[in-house]
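Coordinates as given in target.txt (compact mmCIF, C-alpha atoms):
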# COMPACT_ATOMS: atom_id res chain seq x y z
CA GLU B 14 -4.63 -13.37 63.78
CA SER B 15 -6.93 -15.14 66.22
CA ASP B 16 -7.89 -17.68 63.51
CA ARG B 17 -4.18 -18.34 62.90
CA LEU B 18 -3.60 -18.92 66.63
CA VAL B 19 -6.59 -21.27 66.86
CA ASP B 20 -5.22 -23.28 63.90
CA LEU B 21 -1.75 -23.37 65.43
CA SER B 22 -3.09 -24.53 68.81
CA ALA B 23 -5.21 -27.24 67.21
CA ASN B 24 -2.30 -28.50 65.11
CA VAL B 25 0.12 -28.52 68.05
CA LEU B 26 -2.38 -30.48 70.15
CA ASN B 27 -3.10 -32.94 67.34
CA LEU B 28 0.59 -33.47 66.64
CA SER B 29 1.39 -33.89 70.34
CA LYS B 30 -1.38 -36.48 70.69
CA VAL B 31 -0.25 -38.44 67.63
CA GLU B 32 3.49 -38.25 68.43
CA ASN B 33 2.87 -39.77 71.86
CA GLN B 34 0.89 -42.64 70.41
CA THR B 35 2.82 -45.84 69.71
CA ILE B 36 -0.08 -48.11 68.83
CA LEU B 37 -2.84 -47.32 66.36
CA THR B 38 -6.14 -47.37 68.25
CA ASN B 39 -9.80 -46.96 67.33
CA THR B 40 -9.41 -48.79 64.03
CA ALA B 41 -12.38 -49.99 62.04
CA GLU B 42 -13.25 -50.59 58.43
CA PHE B 43 -14.61 -47.48 56.69
CA ASN B 44 -15.29 -46.19 53.20
CA LEU B 45 -12.20 -44.18 52.25
CA SER B 46 -13.87 -42.88 49.07
CA GLU B 47 -16.79 -41.48 51.04
CA GLN B 48 -14.42 -39.91 53.55
CA MET B 49 -12.59 -38.19 50.70
CA ARG B 50 -15.86 -36.85 49.26
CA ARG B 51 -16.76 -35.42 52.67
CA VAL B 52 -13.37 -33.72 53.03
CA ILE B 53 -13.77 -32.17 49.56
CA VAL B 54 -17.18 -30.79 50.56
CA LEU B 55 -15.74 -29.57 53.89
CA LEU B 56 -13.15 -27.51 51.97
CA GLU B 57 -15.59 -26.33 49.29
CA ASN B 58 -15.43 -22.64 50.23
CA ARG B 59 -11.65 -22.70 49.87
CA TRP B 60 -11.55 -24.30 46.40
CA GLU B 61 -14.54 -22.37 45.08
CA GLU B 62 -12.82 -19.11 46.08
CA LYS B 63 -9.99 -19.95 43.65
CA ASN B 64 -12.37 -21.39 41.04
CA LEU B 65 -10.68 -24.80 41.21
CA PHE B 66 -12.03 -27.98 39.70
CA ILE B 67 -11.70 -31.01 41.99
CA ASN B 68 -11.43 -34.28 40.11
CA LEU B 69 -11.91 -37.35 42.34
CA ASN B 70 -11.06 -40.58 40.56
CA CYS B 71 -11.93 -43.69 42.56
CA SER B 72 -14.20 -46.62 43.01
CA GLU B 73 -15.64 -47.44 46.43
CA VAL B 74 -12.56 -48.33 48.48
CA TYR B 75 -12.77 -49.62 52.04
CA ILE B 76 -9.83 -49.58 54.41
CA ASN B 77 -9.20 -50.64 58.00
CA GLY B 78 -7.75 -47.72 59.96
CA ASN B 79 -8.33 -44.84 62.32
CA GLU B 80 -10.93 -42.82 60.44
CA GLU B 81 -10.50 -39.58 62.40
CA MET B 82 -6.71 -39.53 62.07
CA LEU B 83 -6.77 -40.26 58.37
CA LYS B 84 -9.34 -37.51 57.86
CA GLN B 85 -6.69 -35.08 59.16
CA VAL B 86 -4.23 -36.34 56.54
CA TRP B 87 -6.68 -35.69 53.68
CA ILE B 88 -7.70 -32.29 55.04
CA ASN B 89 -4.07 -31.19 55.24
CA LEU B 90 -3.05 -32.53 51.83
CA ILE B 91 -6.09 -31.14 50.00
CA ASP B 92 -5.89 -27.82 51.85
CA ASN B 93 -2.24 -27.50 50.80
CA ALA B 94 -3.14 -28.36 47.21
CA ILE B 95 -5.79 -25.64 47.26
CA LYS B 96 -3.34 -23.14 48.77
CA PHE B 97 -0.66 -23.69 46.14
CA ALA B 98 -2.82 -24.42 43.08
CA ASP B 99 -3.05 -21.80 40.38
CA LYS B 100 -6.38 -20.00 40.22
CA ASP B 101 -8.79 -21.57 37.68
CA SER B 102 -6.84 -24.84 37.62
CA GLU B 103 -7.59 -28.33 38.94
CA ILE B 104 -6.73 -30.67 41.76
CA ASN B 105 -6.70 -34.37 40.99
CA ILE B 106 -7.31 -36.93 43.72
CA THR B 107 -6.96 -40.62 42.90
CA ILE B 108 -7.55 -43.63 45.14
CA LEU B 109 -6.20 -46.94 43.83
CA GLN B 110 -6.64 -50.30 45.51
CA GLY B 111 -3.81 -52.80 45.21
CA ALA B 112 -3.42 -56.29 46.59
CA LYS B 113 -1.80 -55.15 49.85
CA PHE B 114 -1.92 -51.36 49.76
CA VAL B 115 -4.28 -48.51 49.01
CA SER B 116 -2.66 -45.57 47.28
CA VAL B 117 -4.02 -42.02 47.47
CA THR B 118 -2.56 -39.24 45.31
CA VAL B 119 -3.32 -35.54 45.58
CA SER B 120 -1.98 -33.43 42.69
CA ASP B 121 -2.22 -29.72 42.11
CA ARG B 122 -1.36 -27.58 39.14
CA GLY B 123 0.48 -24.64 40.54
CA GLU B 124 3.46 -23.48 42.48
CA VAL B 125 6.21 -26.12 42.50
CA ILE B 126 8.06 -26.92 45.70
CA ALA B 127 11.62 -25.67 45.30
CA PRO B 128 14.23 -28.48 45.30
CA GLU B 129 16.10 -26.88 48.22
CA VAL B 130 12.88 -26.91 50.25
CA LEU B 131 11.81 -30.44 49.32
CA GLY B 132 13.98 -32.20 51.91
CA ARG B 133 12.50 -30.19 54.78
CA ILE B 134 8.77 -30.06 54.02
CA PHE B 135 7.92 -32.70 56.64
CA ASP B 136 9.96 -30.90 59.37
CA LYS B 137 8.05 -29.47 62.29
CA PHE B 138 7.24 -25.74 61.88
CA TYR B 139 9.07 -25.55 58.53
CA GLN B 140 7.48 -23.43 55.82
CA GLY B 141 8.96 -23.24 52.35
CA ASP B 142 7.06 -20.00 51.76
CA THR B 143 9.14 -17.59 53.84
CA SER B 144 6.84 -14.69 52.91
CA HIS B 145 3.99 -16.52 54.74
CA ARG B 146 1.54 -15.26 52.10
CA SER B 147 -0.07 -18.69 51.88
CA GLY B 148 -0.78 -19.00 55.60
CA GLY B 149 -0.28 -22.12 57.68
CA ASN B 150 2.01 -22.91 60.55
CA GLY B 151 4.36 -25.59 59.24
CA LEU B 152 2.71 -28.48 61.07
CA GLY B 153 0.32 -29.93 58.48
CA LEU B 154 2.78 -32.15 56.60
CA THR B 155 4.50 -33.14 59.86
CA LEU B 156 1.13 -34.30 61.15
CA CYS B 157 0.46 -36.18 57.88
CA LEU B 158 3.81 -37.99 58.05
CA THR B 159 3.33 -38.91 61.71
CA ILE B 160 -0.19 -40.27 61.17
CA VAL B 161 0.66 -42.17 57.99
CA THR B 162 3.73 -43.73 59.64
CA LEU B 163 1.66 -44.73 62.69
CA CYS B 164 -0.79 -46.39 60.26
CA GLY B 165 2.08 -48.44 58.77
CA GLY B 166 2.12 -46.48 55.53
CA SER B 167 4.32 -44.04 53.67
CA ILE B 168 4.03 -40.57 52.14
CA ALA B 169 6.07 -39.16 49.29
CA VAL B 170 6.06 -36.08 47.08
CA ASP B 171 6.87 -35.75 43.40
CA ILE B 172 7.37 -32.40 41.72
CA LYS B 173 7.23 -31.65 38.04
CA GLU B 174 8.29 -28.26 36.73
CA LYS B 175 5.28 -26.20 35.60
CA GLN B 176 2.93 -29.06 36.54
CA GLY B 177 2.77 -28.75 40.31
CA SER B 178 3.19 -31.25 43.12
CA THR B 179 1.84 -34.73 43.72
CA PHE B 180 1.64 -36.24 47.19
CA THR B 181 1.21 -40.01 47.37
CA VAL B 182 0.10 -41.82 50.51
CA LYS B 183 0.32 -45.62 50.62
CA LEU B 184 -1.57 -47.40 53.37
CA PRO B 185 -1.85 -51.12 54.12
CA LYS B 186 -5.30 -52.51 53.35
The structure in this file should be written as structure tokens.
Amino acid sequence: ESDRLVDLSANVLNLSKVENQTILTNTAEFNLSEQMRRVIVLLENRWEEKNLFINLNCSEVYINGNEEMLKQVWINLIDNAIKFADKDSEINITILQGAKFVSVTVSDRGEVIAPEVLGRIFDKFYQGDTSHRSGGNGLGLTLCLTIVTLCGGSIAVDIKEKQGSTFTVKLPK
């Protein structure tokens, strides 16, 4: 219970800080691919516990942005993918570099987001899992949306029955 409260406090503080920010600060060029590898290692205990295979498909991609804020986006998206992925399945992460945008997709093979829940997943404190068996506090995707929007990007989700969910983040280069 104390771990849950610590997570909730941290997420509320992070969201409050980001929501009150109107200009993106502390931007610099960084290696997005390396950042993604570090986040995967950071969450290793979580995905190993479910015997998941993490497939990272990318070349070395550099982006200009707020490295710390974007790290929070990847942690939340990958953590959610781990939470909802079927045991012994895989999570696919792809980073593609376009002319003007960088696209990051995180796909899991597992529990599909119900269509009636889909429209609310980015709402503050909303959890589609009313049983709360998967943990969380309903702030992770809100934080992702707020950060990505502040960065001038977009986030979308695509669901495919019996194939899981795919979150796509597009960020300007």
9 Å contact set for B:Val86, all atoms listed in the file, chain neighbours under 5 positions out, as an mmCIF file with C-alpha atoms, in the coordinates of the input:
data_model
loop_
_atom_site.group_PDB
_atom_site.id
_atom_site.type_symbol
_atom_site.label_atom_id
_atom_site.label_comp_id
_atom_site.auth_asym_id
_atom_site.auth_seq_id
_atom_site.Cartn_x
_atom_site.Cartn_y
_atom_site.Cartn_z
ATOM 1 C CA ILE B 91 -6.090 -31.140 50.000
ATOM 2 C CA GLY B 153 0.320 -29.930 58.480
ATOM 3 C CA LEU B 154 2.780 -32.150 56.600
ATOM 4 C CA LEU B 156 1.130 -34.300 61.150
ATOM 5 C CA CYS B 157 0.460 -36.180 57.880
ATOM 6 C CA LEU B 158 3.810 -37.990 58.050
ATOM 7 C CA ILE B 160 -0.190 -40.270 61.170
ATOM 8 C CA VAL B 161 0.660 -42.170 57.990
#
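Pairwise distance (atom CA of B:Asp92, atom CA of B:Val117) equals 15.0 Å.
Atom CA of B:Leu109 to atom CA of B:Asn70 spans 8.6 Å [interatomic distance, one decimal].
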- Query: So what do you get for atom CA of B:Ala98 versus atom CA of B:Thr118, distance-wise?
  - Reply: 15.0 Å
- Would you list the contacts of B:Gly78 as a list in words, taking every protein, DNA or RNA residue within 8 Å and counting only C-alpha atoms, but skipping same-chain residues closer than 2 positions in sequence? Asn39, Thr40, Ala41, Glu42, Phe43, Ile76, Glu80, Leu83 and Cys164 of chain B
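Compared by their closest atoms to B:Lys96, and using only C-alpha atoms, the residues B:Glu174, B:Glu57, B:Glu47, B:Glu124 rank with B:Glu124 nearest.
Between B:Phe97 and the candidates B:Arg122, B:Lys186, B:Lys173, B:Lys113, the tightest atom-to-atom separation, counting all atoms listed in the file, involves B:Arg122.
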Polymer residues at most 12 Å from B:Leu69, all atoms listed in the file, same-chain spacing of 4 or more positions, as a short mmCIF file (atom, residue, chain, number, x, y, z; two decimals) with C-alpha atoms, in the coordinates of the input:
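Ended up saving to out32.cif:
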data_model
loop_
_atom_site.label_atom_id
_atom_site.label_comp_id
_atom_site.auth_asym_id
_atom_site.auth_seq_id
_atom_site.Cartn_x
_atom_site.Cartn_y
_atom_site.Cartn_z
CA SER B 46 -13.87 -42.88 49.07
CA GLU B 47 -16.79 -41.48 51.04
CA GLN B 48 -14.42 -39.91 53.55
CA MET B 49 -12.59 -38.19 50.70
CA ARG B 50 -15.86 -36.85 49.26
CA ARG B 51 -16.76 -35.42 52.67
CA VAL B 52 -13.37 -33.72 53.03
CA ILE B 53 -13.77 -32.17 49.56
CA VAL B 54 -17.18 -30.79 50.56
CA GLU B 73 -15.64 -47.44 46.43
CA ILE B 91 -6.09 -31.14 50.00
CA GLU B 103 -7.59 -28.33 38.94
CA ILE B 104 -6.73 -30.67 41.76
CA ASN B 105 -6.70 -34.37 40.99
CA ILE B 106 -7.31 -36.93 43.72
CA THR B 107 -6.96 -40.62 42.90
CA ILE B 108 -7.55 -43.63 45.14
CA LEU B 109 -6.20 -46.94 43.83
CA VAL B 117 -4.02 -42.02 47.47
CA THR B 118 -2.56 -39.24 45.31
CA VAL B 119 -3.32 -35.54 45.58
CA SER B 120 -1.98 -33.43 42.69
#
- Message: With distances taken over only C-alpha atoms, which residue among B:Glu81, B:Asn58, B:Phe66, B:Gln176 lies nearest B:Leu45?
- Response: B:Glu81
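Nearest to B:Pro185 of all the residues B:Ala94, B:Asn79, B:Ile88, B:Gly166 is B:Gly166, based on all atoms listed in the file.
Using all atoms listed in the file, the smallest distance between any of B:Asn68, B:Ser116, B:Thr159, B:Ser102 and B:Lys183 comes from B:Ser116.
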